[in-house]
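Engineer: Would you mind keeping the following structure in view while I ask a few things?
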Protein chains: 2
Amino acid sequence: MLQQPVQSFDHARAFAQRTKVRVGIAADRFSGRATGDSDVISLNFGLPDEGLFPIPDLMESVSRAVHVRRALQYGGATGTARLSGMVADKCSQLCKVPISSEEVLITSGSSQAFDLISRLFLDPGDDVWVEEPTYFGALHGFSLNGATLRGFPMDEEGLLVDAVEQELKAREATGGAMPKLFYVIPNYHNPTGLTMSLERRKQLGELAMKYKFYVLEDDAYGELGFGATTIQPIKSIAPEFTLYISTFSKTIAPGFRLGYVVAPRSIIQMLRFVKAEGGTSGFAQEVMANLLETLDYDQHLRTVRATYRARRDAMLEALAEDSSVNWTWTEPEGGFFVWVTLPDGYQTSALWDYALRESVSFVGGDAFYVSGKGGNRMRLSFSYYPPNIIREGIQRLRCAVHAYADTL
Amino acid sequence: MLQQPVQSFDHARAFAQRTKVRVGIAADRFSGRATGDSDVISLNFGLPDEGLFPIPDLMESVSRAVHVRRALQYGGATGTARLSGMVADKCSQLCKVPISSEEVLITSGSSQAFDLISRLFLDPGDDVWVEEPTYFGALHGFSLNGATLRGFPMDEEGLLVDAVEQELKAREATGGAMPKLFYVIPNYHNPTGLTMSLERRKQLGELAMKYKFYVLEDDAYGELGFGATTIQPIKSIAPEFTLYISTFSKTIAPGFRLGYVVAPRSIIQMLRFVKAEGGTSGFAQEVMANLLETLDYDQHLRTVRATYRARRDAMLEALAEDSSVNWTWTEPEGGFFVWVTLPDGYQTSALWDYALRESVSFVGGDAFYVSGKGGNRMRLSFSYYPPNIIREGIQRLRCAVHAYADTL
C-alpha cells in the first residue's frame, strides 16, 4: 500500500483571536542570549552582565538545595514560606510599612506576575493605561490578555499625571470606561531610563485611590540606582491600590526565573487561584532563599551598581563625543537603558540595516508605543558590555546613522 | 494629624469574569506538600516519592550547571537547544517517527503546557471535550481560559470513542460547534488508573484527522508502566492533530518545573508567541540536560517502576482484604492512582469528615467531573508512601466508611 502524502493542514485556522495581536514584542524575542558567536555589539538586549552573577555563593546555595528533598517536590503556588518571608521583609523596609508574607506571591519571573495580574483583572476590552513609551513585553502581555491599551506621555519627571487626571475626569463626566490597571516603571524606566518624581508618584497614587484603579508598579530596576537616594515606591503611597512587582533577574541572575508580586492579601489569594499550575520551582526558591541568607547583599549591590554606573558613563560620554550626529539622549540615574532620539523624519526601522552592516544593534522606538509613534527613537542598553565595547558600539552606531542620513 | 483609617475596599469587584469559574481544582491546592507534620496519611496527593529522586546525579548536574553562565542568563522561550533535542530523541523513539527539536517546546511543568495550548486555541466559549472523569487541574485550567467543557464516558478500555463519534456526527449534521481540543490521558489515567486500548487510540486519532480537532495527549505517567509492554501514543497515529505533553515531574523530580509539548512546527512557533515571558528557567533546563546525560535512565526507571508497583500491589491487596465495605476499584497497570467506587447513595464529600477523624485523606470524585457526577467515588494515590503505610491508610479508610455508613 502506498503511504498517504503527509497531510498539510493550515493549523492557524484553529488559533484563537488573541493570537492576532501585534502590539509590543513577546519577551522571548528579546531575552535571547547575546551569544558571543557574532561580532555584533548587541545594544538591544537588556541583559545583566554574567560576570556579576555571584557564582561561589550560588554554588553553595544549589548544593544545599539539592539535599532539601522537599524543595524538589511539588510546592504549590504558595511557594516556600522562606523566600516569601524574605521578600516581605525586604519590601517592608523599602515601603516603611509592615508587609506580611501573605501579601507576597513568588512568580516565575516578573513576566508571570504581569500575566497573572492581567488574567485576574482583565475581561476582554478592559482598559489598561500605560506610560508611553513603555516596556514592549508588558504591551504584548496585556494585549494577549485582551486589554484595550492607552498611552500617556512622559517628561523628565516621568509620567505626566495631569494628563491622566484630565482623562479620568472626562471619562467620569461622560460615564466612560475607567482603567482597570495603570502600568508604570517609576525607577530607571524601560526604555527611557527616567525616574518618576515623588510628586508625580503621590499624584498617581491619589488618583488610584480616588478612581479605584490599580497601579501596577514595575520596580525591576529599583535596586540599580547609581545615586545616594531613592524615591519611595507608589506602593508606600497607595498600598491598597498598588500591585508592586519586581524580580531577582537583574540583581542576582535571570536563569532562576524568580519574580514576585506584593499586593493586598485578598488579591494575592486570587492570584494564586489563577496561577493554576504546579507552582513556581521549589528548587529555585530554595536556592534563592539560601543565597539571600549567605550573600552579603548590600556589598553585592554596591559592586553591581558601580559596574553599571561606569557603563552608563561610558555610553553617555560616547554619545556626546562628537556632535556630527544630531541626536539627543536621556541621562538615567540607574537601570540598564539610554533612550536616544534622532531628528524628526529619521526612522530607526530604516536605520536597522545600516546598523547591522556596522555590526551593532538597538531596539527601534516604535516597539515601545501602543501605536504609531517613536519611529525616530531607539533604546540602547549599557548593561551587558564593558565600557570599551560600549564606546565602540556607539561609534559604530554613529557611522550607521551617517550612512543612513546620506540616503535621506 | 490623625491617620486615615485603612480603607477597606472589596477588591473582588475588580476581578475578571473568568475568576468566577468553579470547575475542577486549581493544581496548587493539590500540589501542596505532604508535610509529615501531621499523622494524616494523605492518599489525596499525587506526589512522587522523594526517596526516588536521583540525588547524587542531581548534585553533579547542578554543580556543573552553576558554572555555565549562559544557563543563568535570560534564555528565551526557545530554551536550551540541548534539552529540546534530548526530548525530541526520546519522543522519536517512543513514536517511531523522527521528531525534531523544532517540534518541541520546553515548558514550566506540563501545567504551563496546558495553559499555553488553551491560550493558543481557545476563544471564549470554544468546546473542549474530555474523558470523564479526568484530571481536575486540567478542568480548572481549561475553564479559566473560557472553555465550554463536555465530558465523555469511559470503560475498562478507556474513552468510549463511539460516543464521541456519535456526537461529532450529530454536530456535523446540525452545524453545531466542533471541539477545538480533546483532552485525554491514555496511559494510567488520572484519576482512574485505566489505560486506553490501541483500538480506541486509533479510532480517536482517525476522528481527529477527519473532523480537524486536536487530541491533547497528556502522557505524564507514560513511563511509569508496571508491565512489559506499552501501547503506542496517539501522537504516532495522528501526528498532525496531536499535541503530546509530558513532564519530568513524575520520573525525576517536580521541583524543577519542567514539562514539554511535542506538536507540529507551526504550532510550536505560535506557542512560543503566546508564551510571552522570559522563558522557562535556563538553569533548570541545563540541570535536566546534564542529568539525562549522566543518569542511567533505564535503570532509574526500573527502580521507580518496581517501587510504585509494590505500592500499587499493597493498595489493591488492602482494598480486597476484607469485604466488610462494599467498594469496587480499578487495577491500574502503572501510574499513581486507584479509583474507588462506593455504593450508590454514598457521598465521598460526606465521608471526608469521617476520614479526617481517622487521619486519612483522599480526593472526592466530583472534582474530576465537568458537573454533578462522581459523588460516590474517590481517587487514592499509592505513590507517596511505603506499602505498610498504604495498608494502614486503607484500613483507616475502611473504618471511616463504616462510621459514615452507620449514619446513612
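Ligands are numbered from 1 in the order shown, chains are lettered A, B, ... in the order of the C-alpha cells, and residues start at 1 in each chain.
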So that I can see what lies close to Pro191 in chain B, please list as a PyMOL selection string the residues with an atom at most 9 Å from it, counting only C-alpha atoms and leaving out residues fewer than 6 positions away in the same chain.

Structural biologist: chain B and resi 133-136+336-339+365+368+378-381

Engineer: What's around Val23 in chain A at 8 Å? Count only C-alpha atoms, leave out sequence neighbours fewer than 6 positions away in its own chain, and write the answer as a ChimeraX atom specification.

Structural biologist: /A:136,139-140,143,367,370-371

Engineer: From a DSSP calculation on the backbone, collect every residue of range 286-400 of chain B in helix (DSSP H, G or I) and output the set as an MDAnalysis selection string.

Structural biologist: chainID B and resid 286:294 297:320 348:357 365:368 387:400

Engineer: With a distance cut-off of 9 Å and only C-alpha atoms, select the neighbouring residues of Gly222 in chain A, excluding the residue or stretch itself and same-chain residues fewer than 2 positions from it, and output the selection as a compact mmCIF listing (two decimals) with all heavy atoms, in the first residue's frame.

Structural biologist:
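Just written: out-v3.txt:
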```
# COMPACT_ATOMS: atom_id res chain seq x y z
N PRO A 186 8.42 53.29 37.66
CA PRO A 186 8.85 54.60 38.20
C PRO A 186 10.37 54.76 38.28
O PRO A 186 10.86 55.88 38.11
CB PRO A 186 8.23 54.62 39.60
CG PRO A 186 7.13 53.60 39.57
CD PRO A 186 7.61 52.55 38.63
N ASN A 187 11.10 53.69 38.53
CA ASN A 187 12.55 53.81 38.68
C ASN A 187 13.30 53.33 37.44
O ASN A 187 13.17 52.18 37.05
CB ASN A 187 13.03 52.98 39.88
CG ASN A 187 12.59 53.58 41.20
OD1 ASN A 187 12.63 54.80 41.39
ND2 ASN A 187 12.15 52.72 42.12
N TYR A 188 14.10 54.24 36.86
CA TYR A 188 15.01 53.86 35.77
C TYR A 188 14.23 53.10 34.70
O TYR A 188 14.56 51.96 34.32
CB TYR A 188 16.20 53.06 36.33
CG TYR A 188 16.56 53.49 37.73
CD1 TYR A 188 16.58 52.60 38.81
CD2 TYR A 188 16.82 54.84 38.00
CE1 TYR A 188 16.86 53.02 40.09
CE2 TYR A 188 17.10 55.28 39.30
CZ TYR A 188 17.11 54.36 40.34
OH TYR A 188 17.36 54.78 41.61
N ASP A 218 6.01 48.43 38.37
CA ASP A 218 7.09 47.52 37.98
C ASP A 218 8.42 48.12 38.44
O ASP A 218 8.88 49.12 37.89
CB ASP A 218 7.05 47.35 36.45
CG ASP A 218 8.13 46.40 35.93
OD1 ASP A 218 8.95 45.91 36.73
OD2 ASP A 218 8.14 46.16 34.71
N ASP A 219 9.01 47.46 39.43
CA ASP A 219 10.24 48.01 40.01
C ASP A 219 11.44 47.09 39.71
O ASP A 219 12.34 46.95 40.54
CB ASP A 219 10.05 48.20 41.52
CG ASP A 219 11.03 49.23 42.09
OD1 ASP A 219 11.50 50.10 41.32
OD2 ASP A 219 11.32 49.17 43.30
N ALA A 220 11.47 46.57 38.51
CA ALA A 220 12.53 45.61 38.13
C ALA A 220 13.94 46.18 38.34
O ALA A 220 14.86 45.46 38.68
CB ALA A 220 12.35 45.20 36.67
N LEU A 224 18.87 49.18 41.31
CA LEU A 224 20.04 49.51 40.48
C LEU A 224 20.21 51.00 40.29
O LEU A 224 20.55 51.47 39.20
CB LEU A 224 19.94 48.79 39.12
CG LEU A 224 19.90 47.27 39.20
CD1 LEU A 224 19.74 46.66 37.81
CD2 LEU A 224 21.16 46.72 39.87
N GLY A 225 19.99 51.76 41.37
CA GLY A 225 20.20 53.20 41.30
C GLY A 225 21.67 53.57 41.48
O GLY A 225 22.37 52.93 42.26
N THR A 230 16.98 57.06 46.93
CA THR A 230 15.92 56.50 46.10
C THR A 230 14.61 57.11 46.56
O THR A 230 14.48 57.55 47.70
CB THR A 230 15.83 54.97 46.23
OG1 THR A 230 15.71 54.65 47.63
CG2 THR A 230 17.03 54.28 45.64
N SER A 246 8.46 42.94 41.21
CA SER A 246 9.89 43.05 40.97
C SER A 246 10.45 41.66 40.70
O SER A 246 9.70 40.69 40.53
CB SER A 246 10.61 43.75 42.13
OG SER A 246 11.93 44.09 41.73
N GLY A 334 20.06 55.22 36.89
CA GLY A 334 20.12 53.81 37.29
C GLY A 334 19.64 52.93 36.15
O GLY A 334 19.38 53.41 35.04
N GLY A 335 19.54 51.63 36.42
CA GLY A 335 18.98 50.71 35.43
C GLY A 335 19.93 50.33 34.33
O GLY A 335 21.15 50.32 34.51
```

Engineer: Can you tell me, as a list of chain:residue names, what residues are no more than 7 Å from Val261 in chain B when counting only C-alpha atoms, ignoring any on the same chain fewer than 5 positions away?

Structural biologist: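 Counting only C-alpha atoms, the residues come to B:Val104, B:Leu105, B:Ile106, B:Ala113, B:Leu243, B:Tyr244, B:Ile245, B:Ser246.
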
Engineer: Would you output that residue set with all heavy atoms, as a short mmCIF file (atom, residue, chain, number, x, y, z; two decimals), in the first residue's frame?

Structural biologist:
```
data_model
loop_
_atom_site.label_atom_id
_atom_site.label_comp_id
_atom_site.auth_asym_id
_atom_site.auth_seq_id
_atom_site.Cartn_x
_atom_site.Cartn_y
_atom_site.Cartn_z
N VAL B 104 9.40 20.68 19.49
CA VAL B 104 9.38 20.54 20.95
C VAL B 104 9.39 21.92 21.60
O VAL B 104 10.15 22.79 21.18
CB VAL B 104 10.61 19.74 21.44
CG1 VAL B 104 10.69 19.73 22.97
CG2 VAL B 104 10.58 18.32 20.90
N LEU B 105 8.57 22.11 22.60
CA LEU B 105 8.66 23.31 23.43
C LEU B 105 8.78 22.88 24.89
O LEU B 105 7.93 22.13 25.39
CB LEU B 105 7.42 24.20 23.26
CG LEU B 105 7.43 25.50 24.09
CD1 LEU B 105 8.51 26.46 23.61
CD2 LEU B 105 6.07 26.17 24.06
N ILE B 106 9.85 23.34 25.53
CA ILE B 106 10.02 23.07 26.96
C ILE B 106 9.16 24.09 27.73
O ILE B 106 9.18 25.28 27.43
CB ILE B 106 11.50 23.21 27.38
CG1 ILE B 106 12.41 22.29 26.54
CG2 ILE B 106 11.67 22.96 28.88
CD1 ILE B 106 12.22 20.81 26.79
N ALA B 113 2.11 23.87 29.84
CA ALA B 113 1.78 23.36 28.50
C ALA B 113 0.27 23.40 28.26
O ALA B 113 -0.20 23.90 27.24
CB ALA B 113 2.33 21.95 28.33
N LEU B 243 -1.31 17.02 20.07
CA LEU B 243 -0.40 17.82 20.87
C LEU B 243 -0.04 16.94 22.07
O LEU B 243 -0.89 16.67 22.93
CB LEU B 243 -1.09 19.10 21.33
CG LEU B 243 -1.93 19.80 20.26
CD1 LEU B 243 -2.80 20.89 20.87
CD2 LEU B 243 -1.03 20.37 19.17
N TYR B 244 1.18 16.45 22.05
CA TYR B 244 1.61 15.49 23.07
C TYR B 244 2.30 16.26 24.19
O TYR B 244 3.21 17.05 23.93
CB TYR B 244 2.56 14.50 22.42
CG TYR B 244 3.18 13.48 23.35
CD1 TYR B 244 2.59 12.24 23.54
CD2 TYR B 244 4.36 13.76 24.04
CE1 TYR B 244 3.16 11.29 24.38
CE2 TYR B 244 4.93 12.82 24.89
CZ TYR B 244 4.33 11.60 25.06
OH TYR B 244 4.89 10.67 25.90
N ILE B 245 1.87 16.05 25.43
CA ILE B 245 2.56 16.73 26.53
C ILE B 245 2.98 15.72 27.59
O ILE B 245 2.32 14.72 27.83
CB ILE B 245 1.70 17.84 27.17
CG1 ILE B 245 0.45 17.29 27.83
CG2 ILE B 245 1.31 18.88 26.14
CD1 ILE B 245 -0.43 18.38 28.38
N SER B 246 4.14 16.02 28.16
CA SER B 246 4.60 15.19 29.27
C SER B 246 5.47 16.04 30.21
O SER B 246 5.53 17.26 30.06
CB SER B 246 5.33 13.95 28.77
OG SER B 246 5.51 13.03 29.83
#
```

Engineer: Excluding same-chain residues fewer than 2 positions from Tyr214 in chain A, what lies within 6 Å of it counting only C-alpha atoms, as a list in words?

Structural biologist: Leu181, Phe241 and Thr242 of chain A

Engineer: Excluding range 312-328 of chain B and residues on its chain fewer than 4 positions from it, collect all residues at most 8 Å away from it, counting only C-alpha atoms, and give them as a PDB file with C-alpha atoms, in the first residue's frame.

Structural biologist:
```pdb
ATOM      1  CA  TYR B 308       5.406   2.086  42.607  1.00  0.00           C
ATOM      2  CA  PRO B 332      -4.002   0.205  37.225  1.00  0.00           C
ATOM      3  CA  PHE B 336      -0.055   6.723  40.747  1.00  0.00           C
ATOM      4  CA  VAL B 340     -12.620   3.555  44.157  1.00  0.00           C
ATOM      5  CA  THR B 341     -16.396   3.392  43.789  1.00  0.00           C
ATOM      6  CA  LEU B 342     -18.686   3.184  46.791  1.00  0.00           C
ATOM      7  CA  PRO B 343     -22.303   2.033  46.603  1.00  0.00           C
ATOM      8  CA  PHE B 382      -0.377   4.939  46.106  1.00  0.00           C
ATOM      9  CA  SER B 383       2.761   6.809  45.010  1.00  0.00           C
ATOM     10  CA  PRO B 387       3.474  -0.395  51.456  1.00  0.00           C
ATOM     11  CA  ASN B 388       2.934  -0.636  55.220  1.00  0.00           C
ATOM     12  CA  ILE B 390      -0.589   2.382  52.413  1.00  0.00           C
ATOM     13  CA  ARG B 391      -2.096  -0.678  54.108  1.00  0.00           C
ATOM     14  CA  ILE B 394      -6.704   1.757  53.568  1.00  0.00           C
ATOM     15  CA  GLN B 395      -7.531   0.245  56.950  1.00  0.00           C
ATOM     16  CA  ARG B 398     -12.351   1.302  55.813  1.00  0.00           C
ATOM     17  CA  VAL B 401     -16.535   4.231  55.607  1.00  0.00           C
ATOM     18  CA  HIS B 402     -18.023   2.067  58.361  1.00  0.00           C
TER      19      HIS B 402
END
```

Engineer: State, in Å with one decimal place, the distance from CA of Ser63 in chain A to CA of Gly51 in chain A.

Structural biologist: 20.6 Å

Engineer: Could you check the closest approach to chain A for each of B:Glu50, B:Glu286, B:Glu331, B:Glu157 and tell me which residue wins, using only C-alpha atoms?

Structural biologist: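 Using only C-alpha atoms, chain A sits closest to B:Glu50.
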
Engineer: In Å, rounded to a single decimal, give me how far CA of Leu216 in chain A is from CA of Thr348 in chain A.

Structural biologist: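 Separation of CA of Thr348 in chain A and CA of Leu216 in chain A: 29.6 Å.
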
Engineer: Can you pull out every residue within 8 Å of Ala16 in chain A, counting only C-alpha atoms, but drop anything in the same chain fewer than 4 positions away, and send it as number ranges by chain?

Structural biologist: A: 20; B: 119-123

Engineer: Please return, as an MDAnalysis selection string, all residues of range 76-187 of chain A that DSSP assigns to strand (DSSP E or B) on the basis of the backbone.

Structural biologist: chainID A and resid 104:107 127:131 148:152 154:155 158:159 181:184
